[in-house]
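Next up, final32.pdb (PDB, C-alpha atoms):
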ATOM      1  CA  MET K 333     121.538 112.459  90.007  1.00  0.00           C
ATOM      2  CA  GLU K 334     120.258 114.364  92.998  1.00  0.00           C
ATOM      3  CA  LEU K 335     118.808 112.088  95.696  1.00  0.00           C
ATOM      4  CA  LYS K 336     115.373 113.715  95.565  1.00  0.00           C
ATOM      5  CA  GLU K 337     115.142 112.874  91.861  1.00  0.00           C
ATOM      6  CA  CYS K 338     115.925 109.173  92.386  1.00  0.00           C
ATOM      7  CA  ILE K 339     112.883 106.930  91.809  1.00  0.00           C
ATOM      8  CA  ASN K 340     113.834 104.692  94.737  1.00  0.00           C
ATOM      9  CA  PHE K 341     113.920 107.690  97.092  1.00  0.00           C
ATOM     10  CA  LEU K 342     110.583 109.009  95.808  1.00  0.00           C
ATOM     11  CA  LEU K 343     108.837 105.628  96.019  1.00  0.00           C
ATOM     12  CA  THR K 344     110.250 104.907  99.481  1.00  0.00           C
ATOM     13  CA  ASN K 345     109.183 108.302 100.803  1.00  0.00           C
ATOM     14  CA  ALA K 346     105.707 108.007  99.288  1.00  0.00           C
ATOM     15  CA  GLN K 347     105.229 104.479 100.644  1.00  0.00           C
ATOM     16  CA  HIS K 348     106.470 105.502 104.091  1.00  0.00           C
ATOM     17  CA  ASN K 349     104.048 108.437 104.290  1.00  0.00           C
ATOM     18  CA  VAL K 350     101.030 106.422 103.166  1.00  0.00           C
ATOM     19  CA  PHE K 351     101.984 103.522 105.478  1.00  0.00           C
ATOM     20  CA  ARG K 352     102.355 105.882 108.455  1.00  0.00           C
ATOM     21  CA  TYR K 353      98.983 107.527 107.759  1.00  0.00           C
ATOM     22  CA  LEU K 354      97.212 104.179 107.313  1.00  0.00           C
ATOM     23  CA  SER K 355      98.880 102.842 110.479  1.00  0.00           C
ATOM     24  CA  LYS K 356      97.577 105.799 112.452  1.00  0.00           C
ATOM     25  CA  ARG K 357      94.052 105.321 111.130  1.00  0.00           C
ATOM     26  CA  LEU K 358      94.032 101.548 111.783  1.00  0.00           C
ATOM     27  CA  SER K 359      95.507 101.850 115.274  1.00  0.00           C
ATOM     28  CA  GLU K 360      92.093 102.221 116.921  1.00  0.00           C
ATOM     29  CA  TYR K 361      91.416  98.596 115.918  1.00  0.00           C
ATOM     30  CA  ASP K 362      94.920  97.403 116.906  1.00  0.00           C
ATOM     31  CA  VAL K 363      95.621  96.323 113.333  1.00  0.00           C
ATOM     32  CA  THR K 364      98.674  97.176 111.223  1.00  0.00           C
ATOM     33  CA  PRO K 365      98.562  97.773 107.463  1.00  0.00           C
ATOM     34  CA  VAL K 366     100.186  94.372 106.852  1.00  0.00           C
ATOM     35  CA  GLN K 367      97.666  92.647 109.141  1.00  0.00           C
ATOM     36  CA  HIS K 368      94.938  94.465 107.227  1.00  0.00           C
ATOM     37  CA  GLY K 369      96.409  92.954 104.055  1.00  0.00           C
ATOM     38  CA  VAL K 370      96.204  89.453 105.549  1.00  0.00           C
ATOM     39  CA  LEU K 371      92.598  90.004 106.620  1.00  0.00           C
ATOM     40  CA  SER K 372      91.745  91.305 103.150  1.00  0.00           C
ATOM     41  CA  CYS K 373      93.271  88.204 101.557  1.00  0.00           C
ATOM     42  CA  LEU K 374      91.167  85.973 103.821  1.00  0.00           C
ATOM     43  CA  MET K 375      87.831  87.737 103.340  1.00  0.00           C
ATOM     44  CA  GLY K 376      85.382  85.619 101.419  1.00  0.00           C
ATOM     45  CA  LYS K 377      87.520  82.468 101.728  1.00  0.00           C
ATOM     46  CA  SER K 378      87.265  79.537 104.064  1.00  0.00           C
ATOM     47  CA  TYR K 379      91.081  79.554 104.430  1.00  0.00           C
ATOM     48  CA  ASP K 380      94.418  80.264 102.782  1.00  0.00           C
ATOM     49  CA  THR K 381      97.970  79.017 103.324  1.00  0.00           C
ATOM     50  CA  PRO K 382     100.828  81.071 104.786  1.00  0.00           C
ATOM     51  CA  LYS K 383     102.817  80.568 101.575  1.00  0.00           C
ATOM     52  CA  HIS K 384      99.983  81.860  99.402  1.00  0.00           C
ATOM     53  CA  LEU K 385      99.363  84.829 101.729  1.00  0.00           C
ATOM     54  CA  ALA K 386     103.069  85.716 101.587  1.00  0.00           C
ATOM     55  CA  GLU K 387     103.016  85.562  97.780  1.00  0.00           C
ATOM     56  CA  ASN K 388      99.882  87.737  97.544  1.00  0.00           C
ATOM     57  CA  LEU K 389     101.363  90.341  99.897  1.00  0.00           C
ATOM     58  CA  SER K 390     104.886  90.196  98.383  1.00  0.00           C
ATOM     59  CA  LEU K 391     106.390  89.067 101.701  1.00  0.00           C
ATOM     60  CA  GLU K 392     108.927  86.419 102.612  1.00  0.00           C
ATOM     61  CA  THR K 393     107.451  83.271 104.152  1.00  0.00           C
ATOM     62  CA  SER K 394     109.593  83.856 107.247  1.00  0.00           C
ATOM     63  CA  THR K 395     108.044  87.329 107.627  1.00  0.00           C
ATOM     64  CA  ILE K 396     104.451  86.114 107.302  1.00  0.00           C
ATOM     65  CA  SER K 397     104.997  83.652 110.140  1.00  0.00           C
ATOM     66  CA  GLY K 398     105.613  86.412 112.686  1.00  0.00           C
ATOM     67  CA  ILE K 399     102.691  88.433 111.376  1.00  0.00           C
ATOM     68  CA  LEU K 400     100.378  85.427 111.701  1.00  0.00           C
ATOM     69  CA  ASP K 401     101.681  84.768 115.236  1.00  0.00           C
ATOM     70  CA  ARG K 402     100.716  88.282 116.318  1.00  0.00           C
ATOM     71  CA  MET K 403      97.347  88.078 114.580  1.00  0.00           C
ATOM     72  CA  GLN K 404      96.563  84.752 116.220  1.00  0.00           C
ATOM     73  CA  LYS K 405      97.397  86.203 119.652  1.00  0.00           C
ATOM     74  CA  LYS K 406      94.955  89.043 118.919  1.00  0.00           C
ATOM     75  CA  GLY K 407      92.264  86.509 117.994  1.00  0.00           C
ATOM     76  CA  LEU K 408      91.987  87.711 114.387  1.00  0.00           C
ATOM     77  CA  ILE K 409      92.991  84.428 112.747  1.00  0.00           C
ATOM     78  CA  ASP K 410      93.419  80.759 113.576  1.00  0.00           C
ATOM     79  CA  ARG K 411      95.934  78.337 112.109  1.00  0.00           C
ATOM     80  CA  VAL K 412      94.763  74.775 111.659  1.00  0.00           C
ATOM     81  CA  VAL K 413      96.646  71.758 110.341  1.00  0.00           C
ATOM     82  CA  ASN K 414      94.857  70.262 107.342  1.00  0.00           C
ATOM     83  CA  LYS K 415      93.516  66.860 108.434  1.00  0.00           C
ATOM     84  CA  GLU K 416      93.920  65.475 104.919  1.00  0.00           C
ATOM     85  CA  ASP K 417      97.468  66.767 104.405  1.00  0.00           C
ATOM     86  CA  ARG K 418      99.277  67.379 107.680  1.00  0.00           C
ATOM     87  CA  ARG K 419     102.023  69.297 105.855  1.00  0.00           C
ATOM     88  CA  GLU K 420      99.559  72.097 105.076  1.00  0.00           C
ATOM     89  CA  VAL K 421      98.626  74.779 107.584  1.00  0.00           C
ATOM     90  CA  GLN K 422      95.361  76.568 106.911  1.00  0.00           C
ATOM     91  CA  VAL K 423      94.960  80.177 108.015  1.00  0.00           C
ATOM     92  CA  ARG K 424      91.356  81.055 108.808  1.00  0.00           C
ATOM     93  CA  ILE K 425      89.837  84.373 109.733  1.00  0.00           C
ATOM     94  CA  THR K 426      87.981  84.370 113.059  1.00  0.00           C
ATOM     95  CA  GLU K 427      84.681  86.026 113.833  1.00  0.00           C
ATOM     96  CA  LYS K 428      86.615  88.835 115.534  1.00  0.00           C
ATOM     97  CA  GLY K 429      88.596  89.302 112.323  1.00  0.00           C
ATOM     98  CA  ARG K 430      85.420  89.308 110.217  1.00  0.00           C
ATOM     99  CA  GLU K 431      83.864  91.953 112.443  1.00  0.00           C
ATOM    100  CA  LEU K 432      86.631  94.339 111.387  1.00  0.00           C
ATOM    101  CA  GLU K 433      86.006  93.916 107.642  1.00  0.00           C
ATOM    102  CA  ASP K 434      83.592  96.819 107.158  1.00  0.00           C
ATOM    103  CA  LYS K 435      85.332  99.144 109.626  1.00  0.00           C
ATOM    104  CA  ILE K 436      88.752  98.593 108.102  1.00  0.00           C
ATOM    105  CA  GLY K 437      87.333  98.780 104.588  1.00  0.00           C
ATOM    106  CA  ILE K 438      85.930 102.238 105.326  1.00  0.00           C
ATOM    107  CA  ILE K 439      89.288 103.384 106.707  1.00  0.00           C
ATOM    108  CA  THR K 440      91.118 102.079 103.644  1.00  0.00           C
ATOM    109  CA  ASP K 441      88.690 103.887 101.339  1.00  0.00           C
ATOM    110  CA  GLU K 442      89.112 107.110 103.344  1.00  0.00           C
ATOM    111  CA  VAL K 443      92.914 106.852 103.318  1.00  0.00           C
ATOM    112  CA  ASN K 444      92.959 106.221  99.563  1.00  0.00           C
ATOM    113  CA  ALA K 445      90.650 109.205  99.015  1.00  0.00           C
ATOM    114  CA  GLU K 446      92.790 111.462 101.226  1.00  0.00           C
ATOM    115  CA  VAL K 447      96.078 110.439  99.602  1.00  0.00           C
ATOM    116  CA  LEU K 448      94.678 110.914  96.090  1.00  0.00           C
ATOM    117  CA  LYS K 449      92.451 113.956  96.712  1.00  0.00           C
ATOM    118  CA  ASN K 450      94.689 116.360  94.747  1.00  0.00           C
ATOM    119  CA  PHE K 451      94.608 114.259  91.585  1.00  0.00           C
ATOM    120  CA  THR K 452      92.051 113.981  88.790  1.00  0.00           C
ATOM    121  CA  ASP K 453      90.501 110.615  87.929  1.00  0.00           C
ATOM    122  CA  ASP K 454      92.774 110.380  84.875  1.00  0.00           C
ATOM    123  CA  GLU K 455      95.849 111.132  86.992  1.00  0.00           C
ATOM    124  CA  ILE K 456      94.815 108.522  89.559  1.00  0.00           C
ATOM    125  CA  ALA K 457      94.440 105.901  86.837  1.00  0.00           C
ATOM    126  CA  TYR K 458      97.863 106.882  85.447  1.00  0.00           C
ATOM    127  CA  ILE K 459      99.521 106.736  88.888  1.00  0.00           C
ATOM    128  CA  LYS K 460      98.049 103.302  89.643  1.00  0.00           C
ATOM    129  CA  ASN K 461      99.002 101.914  86.234  1.00  0.00           C
ATOM    130  CA  SER K 462     102.514 103.328  86.593  1.00  0.00           C
ATOM    131  CA  LEU K 463     102.923 101.778  90.042  1.00  0.00           C
ATOM    132  CA  ARG K 464     101.652  98.415  88.746  1.00  0.00           C
ATOM    133  CA  THR K 465     104.230  98.573  85.951  1.00  0.00           C
ATOM    134  CA  ILE K 466     107.028  99.316  88.415  1.00  0.00           C
ATOM    135  CA  ALA K 467     105.746  96.641  90.835  1.00  0.00           C
ATOM    136  CA  SER K 468     105.834  94.028  88.057  1.00  0.00           C
ATOM    137  CA  GLY K 469     109.636  94.217  88.196  1.00  0.00           C
ATOM    138  CA  ASN K 470     110.028  93.970  84.420  1.00  0.00           C
ATOM    139  CA  PHE K 471     113.189  96.037  84.157  1.00  0.00           C
ATOM    140  CA  GLY K 472     116.874  95.300  83.869  1.00  0.00           C
ATOM    141  CA  GLU K 473     116.249  92.150  81.886  1.00  0.00           C
TER     142      GLU K 473
END

As structure tokens - that is how I would like this structure written.
Amino acid sequence: MELKECINFLLTNAQHNVFRYLSKRLSEYDVTPVQHGVLSCLMGKSYDTPKHLAENLSLETSTISGILDRMQKKGLIDRVVNKEDRREVQVRITEKGRELEDKIGIITDEVNAEVLKNFTDDEIAYIKNSLRTIASGNFGE
């Protein structure tokens, strides 16, 4: 099979291009796409745990730790030890993080619209459903 016909190559290239474009758009707020994902997971919640955030974002728990470190230094989140269960760390969005919600939401909507502008509504639905199927990992079993 030619490399440019390989699904892994196509998905990796597509993801890289969208990630790079979103990174560029978010840079004015000093937020990365992954940090945007963390903020999105925390919106509307009083807190979440690093483990749960990692699961929701399909990241390793060791990876989320470094991301949360950088976000805490930027003042976007706080990490607090649960007083009732000292084994649990609670990640909470700060006011500074909340202030970015609408601005980042607009950018995400604009990026999605730009990336999908050449597709019909039916094609967009098909693409998203296809990606969800691939993301489920239900193959090779």

Exercise. Do you know which residues the PyMOL selection byres ((chain K and resi 380) around 6) returns on this file, as a PyMOL selection string?
Worked result: chain K and resi 379+381+422-423

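Closest approach to Thr426 (chain K) from the set K:Thr395, K:Gln404, K:Asn414, K:Ser359 is made by K:Gln404, with distances taken over all atoms listed in the file.
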
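With all atoms listed in the file as the atoms that count, the minimum distance from Arg419 (chain K) to the choices K:Glu455, K:Thr393, K:Pro382, K:Arg352 is reached by K:Pro382.
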
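Take the candidates K:Gln367, K:Val350, K:Ser468, K:Glu442 and check each one against Asp401 (chain K) using all atoms listed in the file; the shortest distance goes to K:Gln367.
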
For this session: Could you please determine the separation between CA of Gly429 (chain K) and CA of Met403 (chain K) in Å, to one decimal place?
Result: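 Spanning CA of Gly429 (chain K) to CA of Met403 (chain K) is a straight-line distance of 9.1 Å.
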
For this session: Give the answer as one residue: which of K:Leu391, K:Ile456, K:Val412, K:Val443 has the shortest atom-to-atom distance to Ile425 (chain K), using all atoms listed in the file?
Result: K:Val412

For this session: Can you work out the spacing between CA of Leu463 (chain K) and CA of Leu358 (chain K) in Å, to one decimal?
Result: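 That distance, rounded to one decimal, is 23.5 Å.
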
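Counting only C-alpha atoms and comparing K:Leu354, K:Val363, K:Ala346, K:Ile339, the residue that lies closest to Glu446 (chain K) is K:Leu354.
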
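Note that CA of Met375 (chain K) and CA of Asp434 (chain K) are 10.7 Å apart.
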
Problem set entry | From K:Arg430, K:Phe351, K:Asn461, K:Lys405, residue lying nearest Gly376 (chain K) [all atoms listed in the file] |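 Of all the options, K:Arg430 lies closest to Gly376 (chain K).
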